[in-house]
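Trainee: Here it is: the structure, laid out below.
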Amino acid sequence: MAREQLAGGARAALGGGRRLESVERVAGGSKKGVYRLVMDDATTAIAYLWDDTENYWPTAEGDDDLTDPFSPGLGLSLFEAAHTRLDALGVRVPAIRLLDRDGAHYPADLAIVEDLRGESLEALLARDRRAAAPVMARLAESLEAMRLHRAPAYGKVAVVDGGGTSRGTSCADVVLDRALRDLAEATSRDARIAGARDRLEERLRGLAATVRPRTEYAFVHGELGPDHVLVDRDGNPVAIDIEGSMYFDVEWEHVFLRIRLHDAYRPLAVDGLDEDRLALYMLAQRLSLTAGPLRLLDGDFPDRAFMAGIAEHNLKQALALMHT
């Protein structure tokens with residue numbers, strides 16, 4: 001990333017006669033570029049670039065269909081809608097310094113936001129579980145605010161808040177459709193899944209058939225792993241990578257949290273979750289976390305061993321769920 005490409009945006013975002021000194025890539029981010037902007041007075045900010053050259057995922061049919069709740073969370077409109085709603089709910093998100101969707105400062109969607117120099121919740125949990133306890137308690141409060149905010153339709157925040165409707169007949173229907181596609185993709189890439197495909201499909205359809213209809217949906221981040229939560233200097237959790245946020249069954253969020261946090265999930269647990277949805281969504285997410293990383297490895301994603309490990313772990317978990 002050439003410093004000159006972002007110099008104008010950095011000056012507009014941070015002002016004060018500052019000059020952009022350097023641009024540093026921030027680790028993480030497979031769908032957008034994430035860069036730290038360092039000014040000549042040591043002021044910093046983070047730039048998000050939704051540029052095709054920054055997206056490691058191979059393109060697929062339907063990627064640009066926003067009526068699919070699970071289509072890729074790409075672009076400034078999804079980020080801005082999710083940011084607006086989370087901020088209104090009192091959920092901490094990085095403050096926006098500049099939004100540029102017209103190419104005034106960069107030839108792709110650009111957002112410049114507050115730079116939170118603290119560690120991620122993932123790093124804090126690994127370093128000191130006791131020190132993470134108050135952060136987890138505050139994260140539970142944020143999740144409660146999100147869970148209690150209801151919408152009469154499911155789908156991406158930008159779609160629903162804009163008065164639109166999403167494809168499918170229910171969250172469970174959308175999840176089943178996606179899981180069957182993930183199963184087909186994983187089957188084409190791994191012989192173990194191929195050998196169990198019929199049993200896995202039967203299990204998915206059987207679980208989906210038990211799910212009862214709903215008419216209200218909660219706000220969910222969708223991928224709220226501990227790597228998508230930063231900790232600010234006051235010990236508050238800060239949600240990042242929010243573009244995939246949607247109104248959906250709250251069980252989807254809690255299955256993902258359980259997968260990512262393991263026994264550290266306990267402070268975030270809530271009563272009243274639907275066991276039928278939890279069972280369907282657990283198998284669906286295991287298949288997604290198998291097929292997705294395998295798909296990503298078709299491209300030039302740099303940390304290949306890490307991604308292959310995710311696929312292998314979740315493949316084994318998916319096969320184990322056939323019998324539970």
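Labeling convention for the structure tokens: chains A, B, ... as they appear, residues from 1 per chain, ligands from 1 in order of appearance.
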Any idea what's packed within 9 Å of Arg233 (chain A), counting only C-alpha atoms, ignoring anything in its chain fewer than 5 positions away? Could you give it as a ChimeraX atom specification?

Mentor: /A:116-118

Trainee: Identify, on the basis of only C-alpha atoms, every residue whose closest approach to region 73-86 of chain A does not exceed 10 Å; exclude the query and any residue fewer than 6 positions from it along the same chain; express the result as number ranges by chain.

Mentor: A: 31-32, 48-52, 55, 63-64, 66, 92-96, 99-101, 108-111, 142, 145-146, 149, 156-162, 219-221, 239-246

Trainee: DSSP on the backbone: what in region 76-323 of chain A comes out alpha helix (DSSP H), as a VMD selection string?

Mentor: chain A and resid 76 to 88 121 to 127 129 to 148 157 to 161 171 to 189 191 to 209 250 to 261 275 to 296 304 to 321

Trainee: Any idea what's packed within 10 Å of Ala279 (chain A), counting only C-alpha atoms, ignoring anything in its chain fewer than 5 positions away? Could you give it as a short mmCIF file (atom, residue, chain, number, x, y, z; two decimals) with N, CA and C atoms, in the first residue's frame?

Mentor:
```cif
data_model
loop_
_atom_site.label_atom_id
_atom_site.label_comp_id
_atom_site.auth_asym_id
_atom_site.auth_seq_id
_atom_site.Cartn_x
_atom_site.Cartn_y
_atom_site.Cartn_z
N LEU A 204 -28.82 -32.85 8.76
CA LEU A 204 -29.18 -31.44 8.61
C LEU A 204 -30.68 -31.28 8.37
N LEU A 207 -32.69 -32.07 11.55
CA LEU A 207 -32.62 -31.01 12.56
C LEU A 207 -33.45 -29.80 12.14
N ALA A 208 -33.40 -29.43 10.87
CA ALA A 208 -34.16 -28.26 10.41
C ALA A 208 -35.66 -28.49 10.53
N VAL A 211 -37.37 -27.27 13.87
CA VAL A 211 -37.33 -25.86 14.28
C VAL A 211 -38.69 -25.20 14.06
N GLU A 251 -29.54 -17.62 18.57
CA GLU A 251 -28.79 -18.86 18.75
C GLU A 251 -27.59 -18.94 17.80
N VAL A 255 -23.91 -20.01 19.23
CA VAL A 255 -23.18 -21.17 18.74
C VAL A 255 -21.77 -20.76 18.34
N ASP A 274 -33.11 -21.77 22.19
CA ASP A 274 -33.85 -22.89 21.60
C ASP A 274 -32.88 -24.03 21.27
N ALA A 284 -24.29 -26.77 11.20
CA ALA A 284 -24.14 -25.88 10.05
C ALA A 284 -22.85 -25.07 10.15
N LEU A 321 -20.72 -34.89 14.95
CA LEU A 321 -22.10 -34.45 15.21
C LEU A 321 -23.13 -35.29 14.45
N THR A 324 -24.87 -37.42 17.25
CA THR A 324 -25.38 -36.85 18.50
C THR A 324 -26.79 -36.34 18.32
#
```

Trainee: Nearest to Arg214 (chain A): which of A:Thr290, A:Asn236, A:Ser188, A:Ser170 is it, counting only C-alpha atoms?

Mentor: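 Using only C-alpha atoms, the shortest distance to Arg214 (chain A) belongs to A:Ser170.
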
Trainee: I'd like to know which of A:Leu143, A:Leu287, A:Ile193, A:Leu121 is closest to Arg181 (chain A), using only C-alpha atoms.

Mentor: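 Closest to Arg181 (chain A) of all the choices is A:Leu287.
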
Trainee: With only C-alpha atoms as the counted atoms, please give the residues lying no more than 8 Å from region 10-25 of chain A, apart from itself and same-chain residues fewer than 4 positions off, as an MDAnalysis selection string.

Mentor: chainID A and resid 1:3 6 33:41 97:98 112

Trainee: Filtering to C-alpha atoms, could you give me those residues as a PDB file, in the first residue's frame?

Mentor:
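New file selection-v7.pdb:
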```pdb
ATOM      1  CA  MET A   1       0.000   0.000   0.000  1.00  0.00           C
ATOM      2  CA  ALA A   2       1.591   3.254  -1.154  1.00  0.00           C
ATOM      3  CA  ARG A   3       1.527   5.985   1.459  1.00  0.00           C
ATOM      4  CA  LEU A   6      -3.990   7.442   1.582  1.00  0.00           C
ATOM      5  CA  GLY A  33      -7.434  -4.251   3.809  1.00  0.00           C
ATOM      6  CA  VAL A  34      -6.735  -2.998   7.331  1.00  0.00           C
ATOM      7  CA  TYR A  35      -3.943  -0.448   7.732  1.00  0.00           C
ATOM      8  CA  ARG A  36      -2.629   1.732  10.542  1.00  0.00           C
ATOM      9  CA  LEU A  37      -2.061   5.327   9.471  1.00  0.00           C
ATOM     10  CA  VAL A  38       0.750   7.025  11.411  1.00  0.00           C
ATOM     11  CA  MET A  39       0.975  10.810  11.203  1.00  0.00           C
ATOM     12  CA  ASP A  40       4.115  12.890  11.681  1.00  0.00           C
ATOM     13  CA  ASP A  41       3.033  13.814  15.248  1.00  0.00           C
ATOM     14  CA  ARG A  97     -13.147   9.652  11.465  1.00  0.00           C
ATOM     15  CA  LEU A  98     -13.978   9.616   7.757  1.00  0.00           C
ATOM     16  CA  ILE A 112     -10.938   5.728   8.610  1.00  0.00           C
TER      17      ILE A 112
END
```
